file work19.cif (mmCIF, C-alpha atoms, pLDDT in the B column; chains and numbers go by the auth columns)
data_my_file
#
loop_
_atom_site.group_PDB
_atom_site.id
_atom_site.type_symbol
_atom_site.label_atom_id
_atom_site.label_comp_id
_atom_site.label_asym_id
_atom_site.label_seq_id
_atom_site.Cartn_x
_atom_site.Cartn_y
_atom_site.Cartn_z
_atom_site.B_iso_or_equiv
_atom_site.auth_seq_id
_atom_site.auth_asym_id
ATOM 1 C CA MET A 1 22.116 -59.133 -3.619 42.00 1 A
ATOM 2 C CA PRO A 2 24.747 -56.606 -2.572 45.00 2 A
ATOM 3 C CA VAL A 3 23.184 -54.148 -4.988 45.00 3 A
ATOM 4 C CA SER A 4 19.697 -54.477 -3.493 44.00 4 A
ATOM 5 C CA ASP A 5 21.198 -54.301 0.001 42.00 5 A
ATOM 6 C CA ALA A 6 22.930 -51.092 -0.912 41.00 6 A
ATOM 7 C CA THR A 7 19.731 -49.712 -2.354 41.00 7 A
ATOM 8 C CA ALA A 8 17.719 -50.756 0.678 40.00 8 A
ATOM 9 C CA GLY A 9 20.383 -49.341 2.965 39.00 9 A
ATOM 10 C CA GLY A 10 19.985 -46.006 1.281 40.00 10 A
ATOM 11 C CA GLU A 11 16.194 -46.096 1.479 43.00 11 A
ATOM 12 C CA ILE A 12 15.660 -47.286 5.037 45.00 12 A
ATOM 13 C CA GLY A 13 15.719 -44.704 7.799 49.00 13 A
ATOM 14 C CA PRO A 14 16.657 -41.645 5.791 55.00 14 A
ATOM 15 C CA ASP A 15 18.457 -39.091 7.896 63.00 15 A
ATOM 16 C CA THR A 16 15.783 -36.395 8.297 65.00 16 A
ATOM 17 C CA ARG A 17 18.503 -33.825 8.871 67.00 17 A
ATOM 18 C CA ARG A 18 19.413 -34.279 5.213 80.00 18 A
ATOM 19 C CA GLN A 19 15.914 -33.775 3.839 91.00 19 A
ATOM 20 C CA VAL A 20 15.362 -30.415 2.202 94.00 20 A
ATOM 21 C CA ASN A 21 11.710 -30.211 3.194 93.00 21 A
ATOM 22 C CA ARG A 22 12.149 -31.230 6.827 94.00 22 A
ATOM 23 C CA GLY A 23 13.131 -29.298 9.914 94.00 23 A
ATOM 24 C CA PHE A 24 14.211 -25.768 9.047 95.00 24 A
ATOM 25 C CA GLY A 25 13.212 -26.576 5.463 96.00 25 A
ATOM 26 C CA ARG A 26 9.561 -26.503 6.562 96.00 26 A
ATOM 27 C CA VAL A 27 9.959 -22.932 7.761 97.00 27 A
ATOM 28 C CA LEU A 28 11.881 -21.952 4.633 97.00 28 A
ATOM 29 C CA VAL A 29 9.091 -23.278 2.408 97.00 29 A
ATOM 30 C CA VAL A 30 6.541 -21.183 4.321 97.00 30 A
ATOM 31 C CA VAL A 31 8.554 -18.010 3.767 97.00 31 A
ATOM 32 C CA TYR A 32 8.955 -18.849 0.069 98.00 32 A
ATOM 33 C CA ALA A 33 5.242 -19.625 -0.193 97.00 33 A
ATOM 34 C CA VAL A 34 4.310 -16.269 1.351 96.00 34 A
ATOM 35 C CA PHE A 35 6.478 -14.500 -1.233 95.00 35 A
ATOM 36 C CA ALA A 36 5.119 -16.657 -4.050 96.00 36 A
ATOM 37 C CA VAL A 37 1.534 -15.744 -3.165 95.00 37 A
ATOM 38 C CA ALA A 38 2.324 -12.085 -2.467 91.00 38 A
ATOM 39 C CA ALA A 39 4.327 -11.579 -5.666 91.00 39 A
ATOM 40 C CA THR A 40 1.814 -13.461 -7.805 92.00 40 A
ATOM 41 C CA ALA A 41 -1.197 -11.576 -6.467 90.00 41 A
ATOM 42 C CA ARG A 42 0.527 -8.218 -6.609 86.00 42 A
ATOM 43 C CA SER A 43 1.906 -8.582 -10.134 88.00 43 A
ATOM 44 C CA GLY A 44 -1.359 -10.098 -11.347 90.00 44 A
ATOM 45 C CA ILE A 45 -3.317 -7.076 -10.151 87.00 45 A
ATOM 46 C CA GLN A 46 -0.677 -4.635 -11.428 85.00 46 A
ATOM 47 C CA ILE A 47 -0.642 -6.184 -14.895 89.00 47 A
ATOM 48 C CA ALA A 48 -4.421 -6.483 -15.065 89.00 48 A
ATOM 49 C CA THR A 49 -5.231 -2.953 -13.905 85.00 49 A
ATOM 50 C CA LYS A 50 -2.350 -0.588 -14.774 84.00 50 A
ATOM 51 C CA PHE A 51 0.173 -2.370 -16.944 86.00 51 A
ATOM 52 C CA GLU A 52 0.923 0.708 -19.088 86.00 52 A
ATOM 53 C CA GLN A 53 2.068 2.768 -16.102 82.00 53 A
ATOM 54 C CA ALA A 54 5.230 0.749 -15.458 78.00 54 A
ATOM 55 C CA PRO A 55 5.442 -2.276 -17.757 83.00 55 A
ATOM 56 C CA VAL A 56 9.067 -3.083 -16.935 80.00 56 A
ATOM 57 C CA ALA A 57 8.539 -3.116 -13.178 78.00 57 A
ATOM 58 C CA TYR A 58 5.344 -5.136 -13.479 85.00 58 A
ATOM 59 C CA LEU A 59 6.859 -7.726 -15.809 88.00 59 A
ATOM 60 C CA LEU A 60 9.784 -8.065 -13.409 85.00 60 A
ATOM 61 C CA SER A 61 7.305 -8.554 -10.576 86.00 61 A
ATOM 62 C CA ALA A 62 5.649 -11.317 -12.584 92.00 62 A
ATOM 63 C CA PHE A 63 9.026 -12.915 -13.311 94.00 63 A
ATOM 64 C CA ALA A 64 9.895 -12.801 -9.600 93.00 64 A
ATOM 65 C CA ALA A 65 6.533 -14.402 -8.842 95.00 65 A
ATOM 66 C CA VAL A 66 7.270 -17.315 -11.176 97.00 66 A
ATOM 67 C CA VAL A 67 10.718 -17.801 -9.623 97.00 67 A
ATOM 68 C CA TYR A 68 9.204 -17.866 -6.123 97.00 68 A
ATOM 69 C CA ILE A 69 6.511 -20.338 -7.193 98.00 69 A
ATOM 70 C CA VAL A 70 9.057 -22.705 -8.728 98.00 70 A
ATOM 71 C CA ALA A 71 11.383 -22.429 -5.700 98.00 71 A
ATOM 72 C CA THR A 72 8.505 -23.030 -3.268 98.00 72 A
ATOM 73 C CA ILE A 73 7.264 -26.166 -5.025 98.00 73 A
ATOM 74 C CA ALA A 74 10.761 -27.550 -5.568 98.00 74 A
ATOM 75 C CA LEU A 75 11.791 -26.979 -1.930 97.00 75 A
ATOM 76 C CA ALA A 76 8.516 -28.484 -0.686 97.00 76 A
ATOM 77 C CA ARG A 77 8.910 -31.612 -2.843 95.00 77 A
ATOM 78 C CA GLY A 78 12.541 -32.066 -1.894 91.00 78 A
ATOM 79 C CA ASP A 79 13.423 -35.065 -4.070 93.00 79 A
ATOM 80 C CA ARG A 80 16.624 -35.230 -6.071 93.00 80 A
ATOM 81 C CA THR A 81 15.290 -33.567 -9.211 95.00 81 A
ATOM 82 C CA SER A 82 13.509 -30.928 -7.146 96.00 82 A
ATOM 83 C CA ARG A 83 16.783 -30.068 -5.429 96.00 83 A
ATOM 84 C CA LYS A 84 18.299 -29.213 -8.797 96.00 84 A
ATOM 85 C CA VAL A 85 15.247 -27.199 -9.812 98.00 85 A
ATOM 86 C CA ALA A 86 15.312 -25.382 -6.474 98.00 86 A
ATOM 87 C CA THR A 87 19.014 -24.597 -6.826 97.00 87 A
ATOM 88 C CA VAL A 88 18.537 -23.127 -10.307 98.00 88 A
ATOM 89 C CA ALA A 89 15.479 -21.143 -9.210 98.00 89 A
ATOM 90 C CA ILE A 90 17.247 -19.734 -6.154 98.00 90 A
ATOM 91 C CA VAL A 91 20.374 -18.792 -8.137 98.00 91 A
ATOM 92 C CA ILE A 92 18.077 -16.926 -10.574 97.00 92 A
ATOM 93 C CA GLU A 93 16.388 -15.330 -7.557 97.00 93 A
ATOM 94 C CA LEU A 94 19.772 -14.224 -6.185 97.00 94 A
ATOM 95 C CA VAL A 95 20.909 -12.769 -9.520 97.00 95 A
ATOM 96 C CA GLY A 96 17.501 -11.154 -9.948 94.00 96 A
ATOM 97 C CA VAL A 97 17.389 -9.424 -6.588 94.00 97 A
ATOM 98 C CA LEU A 98 20.983 -8.202 -6.947 95.00 98 A
ATOM 99 C CA ALA A 99 20.483 -6.984 -10.532 92.00 99 A
ATOM 100 C CA ILE A 100 17.072 -5.390 -9.993 89.00 100 A
ATOM 101 C CA GLY A 101 18.103 -3.992 -6.631 91.00 101 A
ATOM 102 C CA THR A 102 21.150 -2.319 -8.153 92.00 102 A
ATOM 103 C CA ALA A 103 19.292 -1.144 -11.260 89.00 103 A
ATOM 104 C CA SER A 104 16.469 0.346 -9.204 87.00 104 A
ATOM 105 C CA LEU A 105 18.957 2.447 -7.246 89.00 105 A
ATOM 106 C CA LEU A 106 20.972 3.541 -10.302 91.00 106 A
ATOM 107 C CA LEU A 107 18.007 4.089 -12.642 85.00 107 A
ATOM 108 C CA PRO A 108 15.090 5.039 -10.371 81.00 108 A
ATOM 109 C CA ASP A 109 13.209 6.523 -13.366 79.00 109 A
ATOM 110 C CA GLN A 110 12.826 3.041 -14.828 72.00 110 A
ATOM 111 C CA PHE A 111 11.206 1.791 -11.619 70.00 111 A
ATOM 112 C CA PRO A 112 8.374 4.205 -10.871 65.00 112 A
ATOM 113 C CA ALA A 113 6.426 1.456 -9.132 64.00 113 A
ATOM 114 C CA ALA A 114 7.782 -0.891 -6.525 68.00 114 A
ATOM 115 C CA SER A 115 8.451 -4.494 -7.487 75.00 115 A
ATOM 116 C CA VAL A 116 9.441 -7.232 -5.062 84.00 116 A
ATOM 117 C CA TRP A 117 13.120 -6.944 -5.911 89.00 117 A
ATOM 118 C CA SER A 118 13.456 -3.182 -6.379 86.00 118 A
ATOM 119 C CA ARG A 119 15.725 -1.556 -3.783 88.00 119 A
ATOM 120 C CA PHE A 120 16.782 -5.092 -2.801 91.00 120 A
ATOM 121 C CA GLY A 121 13.310 -5.782 -1.422 89.00 121 A
ATOM 122 C CA LEU A 122 13.436 -2.964 1.111 89.00 122 A
ATOM 123 C CA GLY A 123 9.636 -2.772 1.005 86.00 123 A
ATOM 124 C CA TYR A 124 9.585 -6.339 2.305 90.00 124 A
ATOM 125 C CA GLY A 125 12.105 -5.834 5.082 91.00 125 A
ATOM 126 C CA LEU A 126 15.037 -6.890 2.853 93.00 126 A
ATOM 127 C CA ILE A 127 13.831 -10.480 3.182 95.00 127 A
ATOM 128 C CA PRO A 128 13.974 -10.881 -0.644 95.00 128 A
ATOM 129 C CA LEU A 129 17.712 -10.157 -0.432 96.00 129 A
ATOM 130 C CA LEU A 130 18.362 -12.570 2.455 97.00 130 A
ATOM 131 C CA LEU A 131 16.119 -15.389 1.235 97.00 131 A
ATOM 132 C CA PRO A 132 18.278 -16.699 -1.654 98.00 132 A
ATOM 133 C CA PHE A 133 21.368 -16.810 0.576 98.00 133 A
ATOM 134 C CA VAL A 134 19.430 -18.763 3.204 98.00 134 A
ATOM 135 C CA GLY A 135 17.952 -21.022 0.527 98.00 135 A
ATOM 136 C CA LEU A 136 21.333 -21.871 -1.012 97.00 136 A
ATOM 137 C CA TRP A 137 22.843 -22.405 2.443 97.00 137 A
ATOM 138 C CA TRP A 138 20.048 -24.828 3.299 97.00 138 A
ATOM 139 C CA LEU A 139 20.371 -26.750 0.007 96.00 139 A
ATOM 140 C CA ARG A 140 24.111 -27.070 0.619 95.00 140 A
ATOM 141 C CA ARG A 141 23.676 -28.121 4.211 94.00 141 A
ATOM 142 C CA THR A 142 21.180 -30.874 3.367 93.00 142 A
ATOM 143 C CA ARG A 143 23.224 -32.161 0.451 86.00 143 A
ATOM 144 C CA MET B 1 -12.062 -1.865 8.913 60.00 1 B
ATOM 145 C CA THR B 2 -10.060 -0.177 11.614 63.00 2 B
ATOM 146 C CA GLY B 3 -11.136 -0.157 15.181 85.00 3 B
ATOM 147 C CA ILE B 4 -11.116 -2.468 18.121 92.00 4 B
ATOM 148 C CA TYR B 5 -11.770 -5.733 16.289 95.00 5 B
ATOM 149 C CA ALA B 6 -8.761 -5.418 13.967 95.00 6 B
ATOM 150 C CA THR B 7 -6.583 -4.226 16.838 95.00 7 B
ATOM 151 C CA ALA B 8 -7.618 -7.180 19.002 96.00 8 B
ATOM 152 C CA LEU B 9 -6.918 -9.472 16.048 97.00 9 B
ATOM 153 C CA ILE B 10 -3.408 -8.093 15.653 97.00 10 B
ATOM 154 C CA VAL B 11 -2.712 -8.395 19.386 98.00 11 B
ATOM 155 C CA LEU B 12 -3.984 -11.998 19.393 98.00 12 B
ATOM 156 C CA ALA B 13 -1.840 -12.963 16.388 98.00 13 B
ATOM 157 C CA LEU B 14 1.278 -11.360 17.868 98.00 14 B
ATOM 158 C CA THR B 15 0.637 -13.077 21.205 98.00 15 B
ATOM 159 C CA LEU B 16 0.450 -16.436 19.440 98.00 16 B
ATOM 160 C CA ALA B 17 3.602 -15.539 17.493 98.00 17 B
ATOM 161 C CA GLY B 18 5.395 -14.897 20.780 98.00 18 B
ATOM 162 C CA TRP B 19 4.100 -18.215 22.119 98.00 19 B
ATOM 163 C CA ALA B 20 5.360 -20.056 19.021 98.00 20 B
ATOM 164 C CA VAL B 21 8.753 -18.355 19.290 98.00 21 B
ATOM 165 C CA VAL B 22 9.053 -19.465 22.920 98.00 22 B
ATOM 166 C CA LEU B 23 8.323 -23.067 21.849 97.00 23 B
ATOM 167 C CA LEU B 24 10.920 -22.682 19.100 97.00 24 B
ATOM 168 C CA ILE B 25 13.507 -21.507 21.608 97.00 25 B
ATOM 169 C CA VAL B 26 12.817 -24.294 24.115 97.00 26 B
ATOM 170 C CA ASN B 27 13.000 -26.801 21.241 96.00 27 B
ATOM 171 C CA ARG B 28 9.389 -28.005 21.317 96.00 28 B
ATOM 172 C CA PRO B 29 6.794 -28.599 18.623 96.00 29 B
ATOM 173 C CA PRO B 30 3.435 -26.888 19.169 97.00 30 B
ATOM 174 C CA GLY B 31 1.099 -28.678 21.570 95.00 31 B
ATOM 175 C CA ALA B 32 -2.681 -28.980 21.542 96.00 32 B
ATOM 176 C CA ALA B 33 -2.994 -25.663 23.400 97.00 33 B
ATOM 177 C CA LEU B 34 -1.315 -23.631 20.672 97.00 34 B
ATOM 178 C CA ILE B 35 -3.210 -25.478 17.946 97.00 35 B
ATOM 179 C CA GLY B 36 -6.439 -24.671 19.812 98.00 36 B
ATOM 180 C CA ALA B 37 -5.401 -21.026 20.074 98.00 37 B
ATOM 181 C CA ALA B 38 -4.682 -21.055 16.340 98.00 38 B
ATOM 182 C CA ALA B 39 -8.232 -22.310 15.783 98.00 39 B
ATOM 183 C CA VAL B 40 -9.548 -19.381 17.847 98.00 40 B
ATOM 184 C CA LEU B 41 -7.435 -17.006 15.756 98.00 41 B
ATOM 185 C CA GLU B 42 -8.897 -18.575 12.630 98.00 42 B
ATOM 186 C CA LEU B 43 -12.451 -17.962 13.878 98.00 43 B
ATOM 187 C CA VAL B 44 -11.572 -14.320 14.550 98.00 44 B
ATOM 188 C CA LEU B 45 -10.056 -14.074 11.052 98.00 45 B
ATOM 189 C CA VAL B 46 -13.202 -15.541 9.469 98.00 46 B
ATOM 190 C CA GLY B 47 -15.216 -12.930 11.358 97.00 47 B
ATOM 191 C CA PHE B 48 -12.849 -10.229 10.109 97.00 48 B
ATOM 192 C CA ALA B 49 -13.220 -11.404 6.502 97.00 49 B
ATOM 193 C CA VAL B 50 -17.016 -11.693 6.662 97.00 50 B
ATOM 194 C CA GLY B 51 -17.287 -8.303 8.348 96.00 51 B
ATOM 195 C CA GLY B 52 -14.970 -6.769 5.751 96.00 52 B
ATOM 196 C CA ILE B 53 -16.949 -8.118 2.818 96.00 53 B
ATOM 197 C CA VAL B 54 -20.249 -6.993 4.382 96.00 54 B
ATOM 198 C CA GLN B 55 -18.809 -3.501 4.881 94.00 55 B
ATOM 199 C CA MET B 56 -17.484 -3.500 1.326 95.00 56 B
ATOM 200 C CA LEU B 57 -20.897 -4.403 -0.091 95.00 57 B
ATOM 201 C CA GLY B 58 -22.455 -1.670 2.023 95.00 58 B
ATOM 202 C CA THR B 59 -20.492 1.180 0.483 93.00 59 B
ATOM 203 C CA ASP B 60 -20.237 2.758 -2.977 92.00 60 B
ATOM 204 C CA ARG B 61 -16.859 4.285 -2.170 91.00 61 B
ATOM 205 C CA GLU B 62 -14.063 3.773 -4.715 90.00 62 B
ATOM 206 C CA PHE B 63 -11.267 1.572 -3.490 91.00 63 B
ATOM 207 C CA ALA B 64 -9.336 -1.470 -4.724 89.00 64 B
ATOM 208 C CA ARG B 65 -12.029 -4.073 -4.148 91.00 65 B
ATOM 209 C CA ALA B 66 -10.253 -7.004 -5.803 89.00 66 B
ATOM 210 C CA GLU B 67 -7.186 -6.472 -3.631 90.00 67 B
ATOM 211 C CA PHE B 68 -9.354 -6.033 -0.571 94.00 68 B
ATOM 212 C CA VAL B 69 -11.076 -9.377 -1.119 94.00 69 B
ATOM 213 C CA GLY B 70 -7.733 -10.986 -2.019 93.00 70 B
ATOM 214 C CA TYR B 71 -6.167 -9.940 1.266 95.00 71 B
ATOM 215 C CA LEU B 72 -9.240 -11.097 3.207 96.00 72 B
ATOM 216 C CA LEU B 73 -9.081 -14.510 1.508 96.00 73 B
ATOM 217 C CA ALA B 74 -5.369 -14.716 2.372 96.00 74 B
ATOM 218 C CA CYS B 75 -6.263 -13.908 6.005 97.00 75 B
ATOM 219 C CA VAL B 76 -8.688 -16.839 6.096 98.00 76 B
ATOM 220 C CA ALA B 77 -6.446 -19.324 4.241 98.00 77 B
ATOM 221 C CA ILE B 78 -3.066 -18.802 5.860 98.00 78 B
ATOM 222 C CA VAL B 79 -3.562 -20.370 9.304 98.00 79 B
ATOM 223 C CA PRO B 80 -5.181 -23.643 8.107 98.00 80 B
ATOM 224 C CA ALA B 81 -2.516 -23.916 5.388 97.00 81 B
ATOM 225 C CA ALA B 82 0.250 -23.549 7.988 97.00 82 B
ATOM 226 C CA VAL B 83 -1.301 -26.097 10.345 97.00 83 B
ATOM 227 C CA TRP B 84 -1.624 -28.554 7.459 97.00 84 B
ATOM 228 C CA TRP B 85 1.973 -27.947 6.361 96.00 85 B
ATOM 229 C CA MET B 86 3.465 -28.470 9.843 95.00 86 B
ATOM 230 C CA LYS B 87 1.335 -31.431 10.964 92.00 87 B
ATOM 231 C CA ASP B 88 3.891 -34.116 9.949 90.00 88 B
ATOM 232 C CA GLU B 89 6.795 -32.206 11.428 93.00 89 B
ATOM 233 C CA LYS B 90 7.571 -33.400 14.958 92.00 90 B
ATOM 234 C CA THR B 91 10.448 -31.018 15.651 94.00 91 B
ATOM 235 C CA ARG B 92 10.551 -27.412 16.770 96.00 92 B
ATOM 236 C CA ALA B 93 10.439 -26.449 13.079 96.00 93 B
ATOM 237 C CA ALA B 94 6.657 -26.891 13.362 97.00 94 B
ATOM 238 C CA SER B 95 6.675 -24.073 15.938 97.00 95 B
ATOM 239 C CA GLY B 96 8.792 -22.054 13.522 97.00 96 B
ATOM 240 C CA VAL B 97 6.196 -22.502 10.775 98.00 97 B
ATOM 241 C CA LEU B 98 3.457 -21.188 13.071 98.00 98 B
ATOM 242 C CA ALA B 99 5.660 -18.323 14.292 98.00 99 B
ATOM 243 C CA VAL B 100 6.191 -17.103 10.722 98.00 100 B
ATOM 244 C CA VAL B 101 2.504 -17.315 9.888 98.00 101 B
ATOM 245 C CA PHE B 102 1.394 -15.591 13.098 98.00 102 B
ATOM 246 C CA VAL B 103 3.690 -12.689 12.173 98.00 103 B
ATOM 247 C CA VAL B 104 2.336 -12.563 8.619 97.00 104 B
ATOM 248 C CA VAL B 105 -1.292 -12.322 9.863 98.00 105 B
ATOM 249 C CA PRO B 106 -0.892 -8.808 11.372 97.00 106 B
ATOM 250 C CA ILE B 107 0.836 -7.680 8.154 96.00 107 B
ATOM 251 C CA LEU B 108 -2.167 -8.931 6.166 96.00 108 B
ATOM 252 C CA VAL B 109 -4.584 -7.184 8.547 97.00 109 B
ATOM 253 C CA VAL B 110 -2.682 -3.899 8.203 95.00 110 B
ATOM 254 C CA ARG B 111 -2.696 -4.282 4.404 93.00 111 B
ATOM 255 C CA VAL B 112 -6.473 -4.866 4.512 95.00 112 B
ATOM 256 C CA GLN B 113 -6.813 -1.623 6.457 94.00 113 B
ATOM 257 C CA GLN B 114 -4.545 0.242 4.026 93.00 114 B
ATOM 258 C CA VAL B 115 -6.486 -0.967 0.984 93.00 115 B
ATOM 259 C CA TRP B 116 -9.752 -0.057 2.741 93.00 116 B
ATOM 260 C CA ALA B 117 -8.340 3.425 3.370 91.00 117 B
ATOM 261 C CA GLY B 118 -7.533 3.788 -0.319 85.00 118 B
ATOM 262 C CA ALA B 119 -3.904 2.751 -0.756 69.00 119 B
ATOM 263 C CA GLY B 120 -3.078 0.955 -4.021 56.00 120 B
ATOM 264 C CA VAL B 121 -0.851 -2.012 -4.720 52.00 121 B
#

call {"tool": "encode", "arguments": {"input": "work19.cif", "output": "structure tokens"}}
result
Amino acid sequence: MPVSDATAGGEIGPDTRRQVNRGFGRVLVVVYAVFAVAATARSGIQIATKFEQAPVAYLLSAFAAVVYIVATIALARGDRTSRKVATVAIVIELVGVLAIGTASLLLPDQFPAASVWSRFGLGYGLIPLLLPFVGLWWLRRTR
Amino acid sequence: MTGIYATALIVLALTLAGWAVVLLIVNRPPGAALIGAAAVLELVLVGFAVGGIVQMLGTDREFARAEFVGYLLACVAIVPAAVWWMKDEKTRAASGVLAVVFVVVPILVVRVQQVWAGAGV
């Protein structure tokens, strides 16, 4: 009886401020979704039409697209498992944008074509650089 | 693909973005008026997409047709998707969702124009 009470107590009237996909989380998911669609479409066209011109940049674009897709779905679902998936995806996103951003500035010859993360996402208003920080902050805040 | 229609579309989207931001600031979810205005924007976007595809079919000029159609489809899909995604949200975050999307619409329209003018990915 105490066990079921405790379970019920946890289920009834969840604090919406602690739900990943509520409140600000709704807005965050939209921004992630826009990047997921943009990166997927862009890398898909790049790989389909001119892969040989800059294979590294285009494969990185595709990788970024997958990371954004996973983060978008995980943040939108917002259950316990999804939180973990979202955290991993966003940490990869953070490492990716920092690594690719740095590499694209140090080795510009390797990045003849823009990818989402090259130059820290300057082509997208630096939002790709800010997004993982915001995402991790939000996951922490709703913990 | 340039011209008065696209310009009016951008102005309309930015106006709605400003409206949504005001609602966000005063801590209100979007009301029926903004949803109705979003529906008007959607009609204008459908007209933009149809007009774009008709113009595309009417020319033999070389440009990135797949991207062009892709951006036009995104133009048509984004507003209904946002309204669907925010419909259960009763807080000002729903206004935030619309604000983001109303800012993305002009970016999509400008990209459509760039692809039409011959810019690549």

call {"tool": "residues_around", "arguments": {"input": "work19.cif", "residues": "stretch 48-65 of chain A", "least_positions_apart": "5", "cutoff": "9 Å", "atoms": "all atoms listed in the file", "output": "ChimeraX atom specification"}}
result
/A:35-43,70,93,96-97,100,110-118

call {"tool": "closest_atom_pairs", "arguments": {"input": "work19.cif", "of": "chain A", "to": "chain B", "cutoff": "8 Å", "atoms": "only C-alpha atoms", "output": "CSV"}}
result
residue,atom,partner,partner_atom,distance
A:Arg22,CA,B:Glu89,CA,7.1
A:Gly23,CA,B:Ala93,CA,5.0
A:Phe24,CA,B:Ala93,CA,5.6
A:Arg26,CA,B:Ala93,CA,6.6
A:Val27,CA,B:Val97,CA,4.8
A:Val30,CA,B:Val97,CA,6.6
A:Val31,CA,B:Val100,CA,7.4
A:Ala41,CA,B:Gly70,CA,7.9
A:Arg42,CA,B:Val121,CA,6.6
A:Ile45,CA,B:Glu67,CA,7.6
A:Gln46,CA,B:Val121,CA,7.2

call {"tool": "residues_around", "arguments": {"input": "work19.cif", "residues": "B:Pro106", "least_positions_apart": "4", "cutoff": "12 Å", "atoms": "only C-alpha atoms", "output": "list in words"}}
result
Ala6, Thr7, Ala8, Leu9, Ile10, Val11, Leu12, Ala13, Leu14, Thr15, Leu16, Ala17, Leu41, Leu45, Tyr71, Leu72, Ala74, Cys75, Ile78, Ala99, Val100, Val101, Phe102, Val110, Arg111, Val112 and Gln113 of chain B

call {"tool": "atom_distance", "arguments": {"input": "work19.cif", "atom1": "atom CA of B:Val22", "atom2": "atom CA of A:Asn21"}}
result
22.6 Å

call {"tool": "residues_around", "arguments": {"input": "work19.cif", "residues": "B:Trp116", "least_positions_apart": "5", "cutoff": "10 Å", "atoms": "all atoms listed in the file", "output": "VMD selection string"}}
result
chain B and resid 1 to 2 52 55 to 56 61 to 65 67 to 68 110 to 111

call {"tool": "closest_residue", "arguments": {"input": "work19.cif", "among": "B:Val40, B:Val109, B:Ala20, B:Leu57", "to": "B:Leu73", "atoms": "all atoms listed in the file"}}
result
B:Val109

call {"tool": "atom_distance", "arguments": {"input": "work19.cif", "atom1": "atom CA of A:Asp79", "atom2": "atom CA of A:Thr142"}}
result
11.5 Å

call {"tool": "atom_distance", "arguments": {"input": "work19.cif", "atom1": "atom CA of B:Val46", "atom2": "atom CA of B:Leu108"}}
result
13.3 Å

call {"tool": "resolve_selection", "arguments": {"input": "work19.cif", "expression": "the PyMOL selection byres ((chain A and resi 129) around 8)", "output": "list in words"}}
result
Leu94, Val97, Leu98, Trp117, Phe120, Gly121, Leu126, Ile127, Pro128, Leu130, Leu131, Pro132 and Phe133 of chain A

call {"tool": "resolve_selection", "arguments": {"input": "work19.cif", "expression": "the PyMOL selection byres ((chain A and resi 140) around 12)", "output": "count of residues only"}}
result
18

call {"tool": "closest_residue", "arguments": {"input": "work19.cif", "among": "B:Ile4, B:Lys87, B:Ala117, B:Val105", "to": "B:Ala32", "atoms": "only C-alpha atoms"}}
result
B:Lys87
